[in-house]
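J.: Input file: coords17.tsv. Contents: TSV, C-alpha atoms and all ligand atoms.
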chain	number	residue	atom	x	y	z
A	1	MET	CA	0.00	0.00	0.00
A	2	PRO	CA	1.56	3.35	-0.97
A	3	ARG	CA	1.84	5.96	1.77
A	4	HIS	CA	-0.38	8.78	0.58
A	5	ILE	CA	1.90	11.66	1.52
A	6	SER	CA	2.33	14.87	-0.46
A	7	LEU	CA	5.30	15.76	-2.65
A	8	THR	CA	6.42	18.29	-0.04
A	9	GLN	CA	6.23	15.73	2.77
A	10	TYR	CA	8.14	13.22	0.64
A	11	LEU	CA	10.92	15.71	-0.12
A	12	VAL	CA	11.18	16.86	3.51
A	13	GLU	CA	11.38	13.21	4.56
A	14	GLN	CA	14.15	12.55	2.00
A	15	GLN	CA	15.96	15.62	3.26
A	16	ARG	CA	15.78	14.37	6.88
A	17	GLN	CA	16.61	10.76	6.16
A	18	HIS	CA	19.37	11.18	3.63
A	19	GLY	CA	20.39	14.77	4.09
A	20	HIS	CA	21.24	15.09	0.42
A	21	ILE	CA	18.46	17.41	-0.70
A	22	PRO	CA	19.29	21.02	0.09
A	23	ALA	CA	16.25	23.16	0.89
A	24	GLU	CA	16.80	25.15	-2.34
A	25	LEU	CA	16.60	22.00	-4.45
A	26	ARG	CA	13.42	20.95	-2.69
A	27	LEU	CA	11.84	24.33	-3.40
A	28	LEU	CA	12.96	24.20	-7.01
A	29	ILE	CA	11.34	20.78	-7.52
A	30	GLU	CA	8.15	22.05	-5.93
A	31	VAL	CA	8.07	25.04	-8.28
A	32	VAL	CA	8.55	22.78	-11.32
A	33	ALA	CA	5.75	20.53	-10.02
A	34	ARG	CA	3.49	23.56	-9.60
A	35	ALA	CA	4.24	24.67	-13.15
A	36	CYS	CA	3.38	21.17	-14.40
A	37	LYS	CA	0.06	21.46	-12.59
A	38	ARG	CA	-0.66	24.65	-14.56
A	39	ILE	CA	0.39	23.04	-17.83
A	40	SER	CA	-1.90	20.12	-17.02
A	41	ILE	CA	-4.83	22.53	-16.64
A	42	SER	CA	-4.13	24.00	-20.10
A	43	VAL	CA	-3.74	20.53	-21.63
A	44	ASN	CA	-7.08	19.46	-20.17
A	45	LYS	CA	-8.91	22.55	-21.46
A	46	GLY	CA	-8.06	21.50	-25.00
A	47	ALA	CA	-10.21	23.15	-27.64
A	48	LEU	CA	-12.00	25.16	-24.93
A	49	GLY	CA	-8.81	26.96	-24.00
A	50	ASP	CA	-7.36	27.94	-27.41
A	51	VAL	CA	-4.38	25.67	-26.83
A	52	MET	CA	-4.71	23.35	-29.81
A	53	GLY	CA	-2.95	23.56	-33.15
A	54	SER	CA	0.21	25.21	-34.38
A	55	ALA	CA	1.64	28.63	-33.68
A	56	ASP	CA	3.14	30.60	-36.55
A	57	SER	CA	6.71	29.95	-35.43
A	58	GLU	CA	9.61	27.53	-35.57
A	59	ASN	CA	11.92	26.52	-32.73
A	60	VAL	CA	15.72	26.30	-32.86
A	61	GLN	CA	15.53	22.77	-34.31
A	62	GLY	CA	13.45	24.06	-37.25
A	63	GLU	CA	10.28	22.35	-35.97
A	64	ILE	CA	6.91	24.10	-36.21
A	65	GLN	CA	5.91	25.05	-32.69
A	66	LYS	CA	2.54	24.03	-31.35
A	67	LYS	CA	0.66	26.57	-29.23
A	68	LEU	CA	1.12	24.30	-26.23
A	69	ASP	CA	4.91	24.12	-26.76
A	70	ILE	CA	4.98	27.89	-26.28
A	71	ILE	CA	2.47	27.99	-23.42
A	72	ALA	CA	4.30	25.24	-21.48
A	73	ASN	CA	7.65	26.96	-22.04
A	74	GLU	CA	6.28	30.28	-20.74
A	75	VAL	CA	4.68	28.67	-17.69
A	76	LEU	CA	7.95	26.99	-16.73
A	77	ILE	CA	10.02	30.13	-17.23
A	78	GLU	CA	7.61	32.37	-15.34
A	79	ALA	CA	7.19	30.02	-12.38
A	80	ASN	CA	10.89	29.31	-12.04
A	81	GLU	CA	12.28	32.80	-12.44
A	82	TRP	CA	10.23	33.83	-9.41
A	83	GLY	CA	10.64	30.87	-7.15
A	84	GLY	CA	13.11	28.45	-8.63
A	85	HIS	CA	16.37	29.52	-6.94
A	86	LEU	CA	18.03	29.33	-10.31
A	87	ALA	CA	20.93	30.86	-12.13
A	88	ALA	CA	19.57	30.03	-15.59
A	89	MET	CA	17.30	27.79	-17.65
A	90	ALA	CA	17.54	26.05	-21.01
A	91	SER	CA	14.69	24.67	-23.08
A	92	GLU	CA	14.02	22.78	-26.27
A	93	GLU	CA	12.02	25.82	-27.36
A	94	MET	CA	14.75	28.45	-26.84
A	95	GLU	CA	17.94	28.77	-28.84
A	96	GLY	CA	20.11	30.16	-26.04
A	97	ILE	CA	20.00	29.92	-22.27
A	98	TYR	CA	17.67	32.11	-20.21
A	99	VAL	CA	19.61	33.85	-17.46
A	100	VAL	CA	17.36	34.67	-14.51
A	101	PRO	CA	17.26	38.50	-14.27
A	102	ASN	CA	18.74	39.77	-11.02
A	103	ARG	CA	15.47	41.32	-9.85
A	104	PHE	CA	14.45	37.71	-9.04
A	105	PRO	CA	15.91	35.51	-6.28
A	106	GLN	CA	19.18	34.07	-7.54
A	107	GLY	CA	20.44	30.55	-6.93
A	108	GLU	CA	23.08	28.02	-7.90
A	109	TYR	CA	20.93	25.64	-9.93
A	110	LEU	CA	20.45	25.24	-13.66
A	111	LEU	CA	17.16	23.90	-14.98
A	112	LEU	CA	16.73	22.26	-18.39
A	113	PHE	CA	13.44	21.17	-19.88
A	114	ASP	CA	11.48	19.83	-22.78
A	115	PRO	CA	8.34	21.80	-21.88
A	116	LEU	CA	6.03	19.72	-24.03
A	117	ASP	CA	7.14	16.29	-25.17
A	118	GLY	CA	5.12	14.48	-27.79
A	119	SER	CA	3.83	17.59	-29.55
A	120	SER	CA	2.45	15.55	-32.46
A	121	ASN	CA	0.00	13.96	-30.00
A	122	ILE	CA	-1.53	17.19	-28.65
A	123	ASP	CA	-4.23	17.56	-31.25
A	124	VAL	CA	-5.17	13.87	-31.19
A	125	ASN	CA	-5.73	13.72	-27.41
A	126	VAL	CA	-2.95	11.23	-26.68
A	127	SER	CA	-0.59	11.40	-23.67
A	128	ILE	CA	2.07	14.12	-23.70
A	129	GLY	CA	4.42	15.39	-21.01
A	130	THR	CA	7.12	17.67	-19.62
A	131	ILE	CA	10.69	16.44	-18.99
A	132	PHE	CA	13.19	18.25	-16.73
A	133	SER	CA	16.74	17.98	-15.48
A	134	VAL	CA	18.51	19.90	-12.68
A	135	LEU	CA	22.24	20.63	-12.67
A	136	LYS	CA	24.38	22.70	-10.36
A	137	LYS	CA	26.22	25.70	-11.77
A	138	PRO	CA	29.94	24.95	-11.60
A	139	GLY	CA	31.56	27.20	-9.00
A	140	GLY	CA	34.51	29.49	-9.30
A	141	HIS	CA	33.13	32.23	-11.50
A	142	GLU	CA	30.57	35.01	-11.59
A	143	GLY	CA	27.70	34.96	-14.05
A	144	VAL	CA	26.46	32.03	-16.05
A	145	SER	CA	27.04	30.89	-19.61
A	146	GLU	CA	25.96	28.09	-21.92
A	147	ARG	CA	29.22	26.29	-21.10
A	148	ASP	CA	28.01	25.84	-17.49
A	149	PHE	CA	25.21	23.63	-18.80
A	150	LEU	CA	27.48	21.27	-20.72
A	151	GLN	CA	27.85	18.68	-17.99
A	152	PRO	CA	27.42	14.93	-18.35
A	153	GLY	CA	24.18	13.38	-17.07
A	154	ILE	CA	25.89	11.82	-14.04
A	155	GLN	CA	26.10	15.33	-12.61
A	156	GLN	CA	22.33	15.73	-12.48
A	157	GLU	CA	21.00	16.66	-9.04
A	158	ALA	CA	17.44	15.70	-9.90
A	159	ALA	CA	15.38	14.70	-12.92
A	160	GLY	CA	11.76	14.02	-13.62
A	161	TYR	CA	8.87	14.11	-15.96
A	162	CYS	CA	5.19	14.82	-15.78
A	163	ILE	CA	2.81	12.88	-17.97
A	164	TYR	CA	-0.53	14.41	-18.97
A	165	GLY	CA	-2.53	11.29	-19.67
A	166	PRO	CA	-5.64	9.64	-18.24
A	167	GLN	CA	-4.01	10.64	-14.95
A	168	THR	CA	-1.51	13.45	-14.46
A	169	THR	CA	1.54	11.84	-12.94
A	170	LEU	CA	4.88	13.20	-11.81
A	171	VAL	CA	7.88	10.87	-11.73
A	172	LEU	CA	10.94	12.04	-9.88
A	173	THR	CA	14.45	11.05	-8.85
A	174	VAL	CA	16.86	12.90	-6.64
A	175	GLY	CA	19.38	10.07	-6.93
A	176	ASP	CA	17.81	7.80	-4.36
A	177	GLY	CA	15.33	5.68	-6.32
A	178	VAL	CA	12.28	6.75	-8.28
A	179	ALA	CA	9.00	7.97	-6.83
A	180	MET	CA	5.68	8.60	-8.55
A	181	PHE	CA	3.07	11.18	-7.57
A	182	THR	CA	-0.47	11.45	-8.90
A	183	LEU	CA	-2.22	14.80	-9.16
A	184	ASP	CA	-5.29	14.92	-6.95
A	185	ARG	CA	-7.31	17.54	-8.79
A	186	GLU	CA	-9.85	18.12	-6.02
A	187	GLN	CA	-7.11	18.80	-3.47
A	188	GLY	CA	-4.77	20.39	-6.00
A	189	SER	CA	-1.87	18.37	-4.62
A	190	TRP	CA	0.66	15.78	-5.75
A	191	VAL	CA	0.18	12.56	-3.79
A	192	LEU	CA	2.81	9.82	-3.56
A	193	THR	CA	1.39	6.75	-5.28
A	194	GLN	CA	4.50	4.61	-5.72
A	195	GLU	CA	8.07	4.58	-4.41
A	196	GLY	CA	11.09	2.47	-5.22
A	197	MET	CA	9.90	1.89	-8.79
A	198	ARG	CA	11.79	-0.97	-10.48
A	199	ILE	CA	12.04	-1.87	-14.16
A	200	PRO	CA	12.02	-5.67	-14.66
A	201	GLU	CA	15.36	-6.85	-16.08
A	202	ASP	CA	13.67	-8.94	-18.77
A	203	THR	CA	10.89	-7.99	-21.12
A	204	LYS	CA	8.91	-9.15	-24.13
A	205	GLU	CA	7.98	-5.67	-25.31
A	206	PHE	CA	9.91	-3.27	-27.52
A	207	ALA	CA	9.22	0.30	-28.63
A	208	ILE	CA	10.63	1.76	-31.83
A	209	ASN	CA	9.25	3.64	-34.82
A	210	MET	CA	9.14	0.71	-37.24
A	211	SER	CA	8.52	2.93	-40.26
A	212	ASN	CA	12.21	3.87	-40.13
A	213	MET	CA	13.39	0.26	-40.37
A	214	ARG	CA	14.98	0.59	-43.80
A	215	HIS	CA	17.19	3.42	-42.51
A	216	TRP	CA	18.57	1.65	-39.42
A	217	ALA	CA	22.13	0.47	-38.84
A	218	PRO	CA	22.69	-3.34	-38.92
A	219	PRO	CA	22.83	-3.91	-35.10
A	220	VAL	CA	19.38	-2.32	-34.63
A	221	LYS	CA	17.96	-4.25	-37.58
A	222	ARG	CA	19.39	-7.48	-36.18
A	223	TYR	CA	17.91	-6.87	-32.72
A	224	VAL	CA	14.42	-6.00	-34.02
A	225	ASP	CA	14.46	-8.85	-36.59
A	226	GLU	CA	15.12	-11.27	-33.74
A	227	CYS	CA	12.23	-9.82	-31.72
A	228	LEU	CA	9.94	-10.13	-34.75
A	229	ALA	CA	10.98	-13.77	-35.34
A	230	GLY	CA	9.41	-14.56	-31.96
A	231	LYS	CA	9.19	-18.13	-30.65
A	232	THR	CA	10.53	-19.64	-33.85
A	233	GLY	CA	13.66	-17.47	-33.92
A	234	GLU	CA	16.87	-16.94	-32.00
A	235	ARG	CA	15.09	-15.45	-28.95
A	236	GLY	CA	12.61	-18.29	-28.51
A	237	LYS	CA	9.84	-15.99	-27.28
A	238	ASP	CA	7.20	-13.79	-28.85
A	239	PHE	CA	7.53	-10.02	-28.47
A	240	ASN	CA	4.86	-7.34	-28.37
A	241	MET	CA	5.39	-3.84	-29.77
A	242	ARG	CA	4.21	-0.39	-28.62
A	243	TRP	CA	4.98	3.10	-29.93
A	244	VAL	CA	3.10	6.11	-28.56
A	245	ALA	CA	5.44	8.69	-30.17
A	246	SER	CA	5.64	10.62	-26.90
A	247	MET	CA	8.87	9.67	-25.17
A	248	VAL	CA	7.29	10.37	-21.77
A	249	ALA	CA	4.48	7.91	-22.42
A	250	ASP	CA	6.79	5.21	-23.79
A	251	VAL	CA	9.22	5.60	-20.88
A	252	HIS	CA	6.37	5.67	-18.37
A	253	ARG	CA	5.08	2.34	-19.69
A	254	ILE	CA	8.57	0.87	-19.40
A	255	LEU	CA	8.92	2.13	-15.84
A	256	THR	CA	5.60	0.58	-14.99
A	257	ARG	CA	5.87	-2.84	-16.65
A	258	GLY	CA	9.28	-3.09	-18.36
A	259	GLY	CA	10.29	-2.91	-22.00
A	260	ILE	CA	12.94	-1.38	-24.22
A	261	PHE	CA	12.69	2.02	-25.93
A	262	MET	CA	14.86	2.75	-28.96
A	263	TYR	CA	15.37	5.87	-31.01
A	264	PRO	CA	18.53	4.98	-32.94
A	265	TRP	CA	20.72	6.85	-35.36
A	266	ASP	CA	19.50	6.35	-38.91
A	267	GLN	CA	20.51	7.11	-42.48
A	268	ARG	CA	17.89	9.78	-43.12
A	269	GLU	CA	20.07	12.43	-41.50
A	270	PRO	CA	23.41	10.64	-41.06
A	271	GLU	CA	25.15	13.70	-39.64
A	272	LYS	CA	22.82	13.69	-36.62
A	273	ALA	CA	23.57	11.23	-33.81
A	274	GLY	CA	19.84	10.67	-33.29
A	275	LYS	CA	16.54	12.49	-33.03
A	276	LEU	CA	16.24	12.93	-29.29
A	277	ARG	CA	17.99	15.68	-27.38
A	278	LEU	CA	20.71	14.70	-24.91
A	279	MET	CA	20.38	17.43	-22.31
A	280	TYR	CA	16.64	17.64	-21.72
A	281	GLU	CA	15.27	14.33	-23.01
A	282	ALA	CA	17.88	11.54	-22.90
A	283	ASN	CA	19.81	12.54	-19.75
A	284	PRO	CA	16.84	13.00	-17.40
A	285	MET	CA	15.16	9.85	-18.70
A	286	SER	CA	18.43	7.90	-18.34
A	287	PHE	CA	18.81	9.08	-14.74
A	288	ILE	CA	15.28	7.91	-13.92
A	289	VAL	CA	15.71	4.59	-15.75
A	290	GLU	CA	19.03	3.84	-14.04
A	291	GLN	CA	17.60	4.74	-10.64
A	292	ALA	CA	14.87	2.17	-11.32
A	293	GLY	CA	17.41	-0.55	-12.13
A	294	GLY	CA	17.34	-0.14	-15.91
A	295	VAL	CA	20.08	0.72	-18.40
A	296	ALA	CA	20.43	3.59	-20.90
A	297	THR	CA	23.00	3.71	-23.71
A	298	ASP	CA	23.51	5.41	-27.06
A	299	GLY	CA	24.19	1.97	-28.53
A	300	LYS	CA	27.75	1.91	-27.29
A	301	ARG	CA	28.21	4.11	-24.25
A	302	ARG	CA	26.29	4.93	-21.11
A	303	ILE	CA	24.26	8.04	-21.98
A	304	MET	CA	24.88	9.68	-18.60
A	305	GLU	CA	28.65	9.65	-19.19
A	306	LEU	CA	28.54	11.43	-22.55
A	307	ALA	CA	30.22	14.83	-22.52
A	308	PRO	CA	27.83	17.26	-24.24
A	309	GLY	CA	29.32	19.54	-26.88
A	310	LYS	CA	26.33	21.84	-27.24
A	311	LEU	CA	22.99	22.64	-25.62
A	312	HIS	CA	20.75	21.11	-28.27
A	313	GLU	CA	22.92	18.08	-28.94
A	314	ARG	CA	21.18	14.98	-30.25
A	315	VAL	CA	21.83	11.39	-29.27
A	316	ALA	CA	20.75	7.86	-30.12
A	317	VAL	CA	18.79	6.27	-27.28
A	318	PHE	CA	18.34	2.68	-26.07
A	319	LEU	CA	16.82	2.46	-22.61
A	320	GLY	CA	14.78	0.26	-20.33
A	321	SER	CA	15.00	-3.36	-19.19
A	322	LYS	CA	18.61	-4.20	-18.39
A	323	ASN	CA	19.05	-7.45	-20.29
A	324	GLU	CA	17.52	-6.16	-23.52
A	325	VAL	CA	19.44	-2.87	-23.56
A	326	GLU	CA	22.66	-4.76	-22.86
A	327	ARG	CA	21.88	-7.18	-25.72
A	328	VAL	CA	21.35	-4.48	-28.36
A	329	THR	CA	24.36	-2.54	-27.02
A	330	GLY	CA	26.41	-5.73	-27.37
A	331	TYR	CA	25.34	-6.03	-31.02
A	332	HIS	CA	26.74	-2.52	-31.64
A	333	HIS	CA	30.05	-3.48	-30.02
A	334	GLU	CA	30.32	-6.62	-32.19
A	335	VAL	CA	30.39	-4.55	-35.39
A	336	ALA	CA	32.66	-1.84	-34.00
A	401	LIG	O1	7.35	10.65	-34.88
A	401	LIG	P1	8.52	9.94	-34.32
A	401	LIG	O2	9.78	10.16	-35.08
A	401	LIG	O3	8.26	8.50	-34.02
A	401	LIG	O4	8.85	10.72	-32.96
A	401	LIG	C1	8.53	10.37	-31.71
A	401	LIG	C2	9.54	10.99	-30.81
A	401	LIG	O5	9.65	12.40	-31.01
A	401	LIG	C3	9.40	13.10	-29.83
A	401	LIG	O6	8.06	13.45	-29.88
A	401	LIG	C4	10.18	14.36	-29.68
A	401	LIG	O7	9.67	15.23	-28.69
A	401	LIG	P2	9.04	16.71	-28.90
A	401	LIG	O8	7.56	16.61	-29.08
A	401	LIG	O9	9.43	17.36	-27.61
A	401	LIG	O10	9.72	17.32	-30.10
A	401	LIG	C5	9.63	12.06	-28.71
A	401	LIG	O11	8.82	12.27	-27.64
A	401	LIG	C6	9.23	10.76	-29.38
A	401	LIG	O12	9.89	9.65	-28.86
A	402	MG	MG	10.52	15.77	-26.61
A	403	MG	MG	9.05	19.23	-26.87
Show how you would write the structure in this file as structure tokens.
Ligand SMILES: O=P(O)(O)OC[C@H]1O[C@](O)(COP(=O)(O)O)[C@@H](O)[C@@H]1O
Ligand SMILES: [Mg+2]
Ligand SMILES: [Mg+2]
T.:
Amino acid sequence: MPRHISLTQYLVEQQRQHGHIPAELRLLIEVVARACKRISISVNKGALGDVMGSADSENVQGEIQKKLDIIANEVLIEANEWGGHLAAMASEEMEGIYVVPNRFPQGEYLLLFDPLDGSSNIDVNVSIGTIFSVLKKPGGHEGVSERDFLQPGIQQEAAGYCIYGPQTTLVLTVGDGVAMFTLDREQGSWVLTQEGMRIPEDTKEFAINMSNMRHWAPPVKRYVDECLAGKTGERGKDFNMRWVASMVADVHRILTRGGIFMYPWDQREPEKAGKLRLMYEANPMSFIVEQAGGVATDGKRRIMELAPGKLHERVAVFLGSKNEVERVTGYHHEVA
């Protein structure tokens, strides 16, 4: 039976028991959670709230922005510049970093986010989410620059995501396991509904966009071919497939019942390492997955150890159930 305590109570408890959550970090997480609550309200309003459809703008990656991409980005910036105890923020929707103006309370943390993940699912009423990652500004100098953000994922102080689905759920790690909170709309509070989440080491379910199959590299093709061969093939068991096309929803399923999620490099844009973004998609999700006993690699290396070269860097992603991620990673090493 989960202990139905609030997010604040949970964080205070963690702070007391383990002493590794400074009060500023706790407040920052609470502000992000509050912003997610506001985004959730906009998501739920749908067509009644003028939040559907595209805006007339493109983001730094050249993608058409949806109205909700912009709304979610603004909500996160506004909430966190006031109460986040931050030095700066970075977002999928902004080319450069956003330095918190000095009329607001200043702090030592850096916040990165994908304000709205799964934008293609907004207008079709399928689960979408917000992903975030917290780093500490390296000491020793005044001011803050983009270079301060370029830290490997192992340096993350906290990471989480919020999924706006049939329930609104916040999943969080501060480096001591993974906890899940469900939004109680009547009370307006986040209630702990699961702690110590664990991803089963084995799985019979994979997630990949199969329409890209002809563009994949041989190790990915080999792995998926073996899954498809089922009982009669090498693996000797039948696999199921799921692909929501919102990373948050696919990762949430894997956290709940196991599975492997793959967004590999492919030949369509060979100069790009992958489609997903290292700093605000892959790193936070890898932190959560590892804290739940899973594994996350780019096909060869642990994602959290990659040294980022730029803010909007892309990366190939294989994450989820340990034995499956290790298998497909092994296939990449065999051809190297
Ligand atoms: O349409 P595709 O290529 O399968 O893309 C799905 C992937 O793209 C993403 O939607 C990218 O996220 P954004 O909506 O934040 O751009 C991932 O969530 C998801 O895994
Ligand atoms: Mg995304
Ligand atoms: Mg996004």
J.: Counting all atoms listed in the file, what residues are within 6 Å of ligand MG 402 (chain A), given as an mmCIF file with C-alpha atoms, in the coordinates of the input?
T.:
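Output contents, as saved in selection11.cif:
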data_model
loop_
_atom_site.group_PDB
_atom_site.id
_atom_site.type_symbol
_atom_site.label_atom_id
_atom_site.label_comp_id
_atom_site.auth_asym_id
_atom_site.auth_seq_id
_atom_site.Cartn_x
_atom_site.Cartn_y
_atom_site.Cartn_z
ATOM 1 C CA ASP A 114 11.480 19.830 -22.780
ATOM 2 C CA ASP A 117 7.140 16.290 -25.170
ATOM 3 C CA GLY A 118 5.120 14.480 -27.790
#
J.: Neighbouring residues of ligand LIG 401 (chain A) are defined here as those with any atom at most 10 Å from a ligand atom, counting all atoms listed in the file; list them as a PyMOL selection string.
T.: chain A and resi 59+61+63-66+69+92-93+113-122+128-131+207-212+243-251+261-263+275-277+280-281+317
J.: Kindly export the residues of the current selection with C-alpha atoms, as a CSV table (one decimal), in the frame of the given file.
T.:
chain,number,residue,atom,x,y,z
A,59,ASN,CA,11.9,26.5,-32.7
A,61,GLN,CA,15.5,22.8,-34.3
A,63,GLU,CA,10.3,22.4,-36.0
A,64,ILE,CA,6.9,24.1,-36.2
A,65,GLN,CA,5.9,25.0,-32.7
A,66,LYS,CA,2.5,24.0,-31.4
A,69,ASP,CA,4.9,24.1,-26.8
A,92,GLU,CA,14.0,22.8,-26.3
A,93,GLU,CA,12.0,25.8,-27.4
A,113,PHE,CA,13.4,21.2,-19.9
A,114,ASP,CA,11.5,19.8,-22.8
A,115,PRO,CA,8.3,21.8,-21.9
A,116,LEU,CA,6.0,19.7,-24.0
A,117,ASP,CA,7.1,16.3,-25.2
A,118,GLY,CA,5.1,14.5,-27.8
A,119,SER,CA,3.8,17.6,-29.6
A,120,SER,CA,2.4,15.6,-32.5
A,121,ASN,CA,0.0,14.0,-30.0
A,122,ILE,CA,-1.5,17.2,-28.6
A,128,ILE,CA,2.1,14.1,-23.7
A,129,GLY,CA,4.4,15.4,-21.0
A,130,THR,CA,7.1,17.7,-19.6
A,131,ILE,CA,10.7,16.4,-19.0
A,207,ALA,CA,9.2,0.3,-28.6
A,208,ILE,CA,10.6,1.8,-31.8
A,209,ASN,CA,9.2,3.6,-34.8
A,210,MET,CA,9.1,0.7,-37.2
A,211,SER,CA,8.5,2.9,-40.3
A,212,ASN,CA,12.2,3.9,-40.1
A,243,TRP,CA,5.0,3.1,-29.9
A,244,VAL,CA,3.1,6.1,-28.6
A,245,ALA,CA,5.4,8.7,-30.2
A,246,SER,CA,5.6,10.6,-26.9
A,247,MET,CA,8.9,9.7,-25.2
A,248,VAL,CA,7.3,10.4,-21.8
A,249,ALA,CA,4.5,7.9,-22.4
A,250,ASP,CA,6.8,5.2,-23.8
A,251,VAL,CA,9.2,5.6,-20.9
A,261,PHE,CA,12.7,2.0,-25.9
A,262,MET,CA,14.9,2.8,-29.0
A,263,TYR,CA,15.4,5.9,-31.0
A,275,LYS,CA,16.5,12.5,-33.0
A,276,LEU,CA,16.2,12.9,-29.3
A,277,ARG,CA,18.0,15.7,-27.4
A,280,TYR,CA,16.6,17.6,-21.7
A,281,GLU,CA,15.3,14.3,-23.0
A,317,VAL,CA,18.8,6.3,-27.3
J.: Record the distance separating atom CA of A:Arg34 and atom CA of A:Trp190, expressed in Å with one decimal.
T.: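 We find that atom CA of A:Arg34 and atom CA of A:Trp190 lie 9.1 Å from each other.
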J.: Could you put an axis-aligned box around every listed atom of stretch 131-143 of chain A, padded by 8 Å on each side, and send me its centre and edge lengths in Å to one decimal, as AutoDock Vina command-line options?
T.:
--center_x 22.6 --center_y 25.7 --center_z -14.0 --size_x 39.8 --size_y 34.6 --size_z 26.0
J.: Restricting the calculation to only C-alpha atoms: of A:Ile41, A:Ala292, A:Val174, A:Val99, which residue gets closest to A:Gly258?
T.: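 Residue with the minimum atom-to-atom distance to A:Gly258: A:Ala292.
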J.: So that I can check the surroundings of A:Met213, please list as number ranges by chain every protein, DNA and RNA residue that reaches within 12 Å of it, counting all atoms listed in the file and ignoring chain neighbours fewer than 4 positions away.
T.: A: 208-209, 217-225, 262-268
J.: Would you mind telling me which residue in A:Ala179, A:Leu11, A:Val31, A:Ile70 lies nearest to ligand MG 403 (chain A) when using all atoms listed in the file?
T.: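 Of A:Ala179, A:Leu11, A:Val31, A:Ile70, the one nearest ligand MG 403 (chain A) is A:Ile70, counting all atoms listed in the file.
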J.: Which residues are close to A:Met279, i.e. within 8 Å by all atoms listed in the file, leaving aside same-chain residues fewer than 4 positions away? Reply as a PDB file with C-alpha atoms, in the frame of the given file.
T.:
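Saved file result27.pdb follows:
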ATOM      1  CA  LEU A 112      16.730  22.260 -18.390  1.00  0.00           C
ATOM      2  CA  SER A 133      16.740  17.980 -15.480  1.00  0.00           C
ATOM      3  CA  GLY A 153      24.180  13.380 -17.070  1.00  0.00           C
ATOM      4  CA  ASN A 283      19.810  12.540 -19.750  1.00  0.00           C
ATOM      5  CA  PRO A 284      16.840  13.000 -17.400  1.00  0.00           C
ATOM      6  CA  PRO A 308      27.830  17.260 -24.240  1.00  0.00           C
ATOM      7  CA  LEU A 311      22.990  22.640 -25.620  1.00  0.00           C
ATOM      8  CA  HIS A 312      20.750  21.110 -28.270  1.00  0.00           C
ATOM      9  CA  GLU A 313      22.920  18.080 -28.940  1.00  0.00           C
TER      10      GLU A 313
END
J.: For atom CA of A:Ala307 and atom CA of A:Ser145, determine how far apart the two atoms are, in Å to one decimal place.
T.: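 These two atoms are separated by 16.6 Å.
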J.: For the atom pair atom CA of A:Thr203 and atom CA of A:Ile154, what is the interatomic distance in Å to one decimal place?
T.: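 Calculated distance between atom CA of A:Thr203 and atom CA of A:Ile154 is 25.8 Å.
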J.: Using all atoms listed in the file, can you list as a compact mmCIF listing (two decimals) with C-alpha atoms, in the frame of the given file the residues within 12 Å of (28.0, 8.1, -23.7)?
T.:
# COMPACT_ATOMS: atom_id res chain seq x y z
CA PRO A 152 27.42 14.93 -18.35
CA GLY A 153 24.18 13.38 -17.07
CA ILE A 154 25.89 11.82 -14.04
CA ALA A 273 23.57 11.23 -33.81
CA LEU A 278 20.71 14.70 -24.91
CA ALA A 282 17.88 11.54 -22.90
CA ASN A 283 19.81 12.54 -19.75
CA SER A 286 18.43 7.90 -18.34
CA ALA A 296 20.43 3.59 -20.90
CA THR A 297 23.00 3.71 -23.71
CA ASP A 298 23.51 5.41 -27.06
CA GLY A 299 24.19 1.97 -28.53
CA LYS A 300 27.75 1.91 -27.29
CA ARG A 301 28.21 4.11 -24.25
CA ARG A 302 26.29 4.93 -21.11
CA ILE A 303 24.26 8.04 -21.98
CA MET A 304 24.88 9.68 -18.60
CA GLU A 305 28.65 9.65 -19.19
CA LEU A 306 28.54 11.43 -22.55
CA ALA A 307 30.22 14.83 -22.52
CA PRO A 308 27.83 17.26 -24.24
CA GLY A 309 29.32 19.54 -26.88
CA ARG A 314 21.18 14.98 -30.25
CA VAL A 315 21.83 11.39 -29.27
CA ALA A 316 20.75 7.86 -30.12
CA VAL A 317 18.79 6.27 -27.28
CA PHE A 318 18.34 2.68 -26.07
CA THR A 329 24.36 -2.54 -27.02
J.: Can you list, as number ranges by chain, every protein, DNA or RNA residue that comes within 8 Å of A:Ile39 when you count only C-alpha atoms, leaving out same-chain residues fewer than 3 positions away?
T.: A: 35-36, 42-43, 71-72, 75
J.: Please dump the current selection as a PDB file, in the frame of the given file; keep C-alpha atoms.
T.:
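Here's the written file again36.pdb:
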ATOM      1  CA  ALA A  35       4.240  24.670 -13.150  1.00  0.00           C
ATOM      2  CA  CYS A  36       3.380  21.170 -14.400  1.00  0.00           C
ATOM      3  CA  SER A  42      -4.130  24.000 -20.100  1.00  0.00           C
ATOM      4  CA  VAL A  43      -3.740  20.530 -21.630  1.00  0.00           C
ATOM      5  CA  ILE A  71       2.470  27.990 -23.420  1.00  0.00           C
ATOM      6  CA  ALA A  72       4.300  25.240 -21.480  1.00  0.00           C
ATOM      7  CA  VAL A  75       4.680  28.670 -17.690  1.00  0.00           C
TER       8      VAL A  75
END
J.: Go through A:Arg103, A:Leu135, A:Ala158, A:Asn44 one by one, measure the shortest atom-to-atom distance of each to A:Arg26 using all atoms listed in the file, and give the residue with the smallest value.
T.: A:Ala158
J.: Looking at A:Asp176, A:Met197, A:Ile97, A:Thr182, which one is nearest to A:His20, with distances taken over all atoms listed in the file?
T.: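 Smallest separation from A:His20 among the options: A:Asp176.
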J.: Using all atoms listed in the file, find all polymer residues with an atom at most 12 Å away from the point (18.8, 29.9, -21.2); report them as a ChimeraX atom specification.
T.: /A:73,77,81,86-101,110-113,144-149,311-312
J.: Write out as number ranges by chain each polymer residue whose atoms come within 10 Å of A:Val171, counting all atoms listed in the file; drop sequence neighbours fewer than 4 positions from it.
T.: A: 131, 159-163, 178-182, 192, 194-195, 197, 252, 255, 288
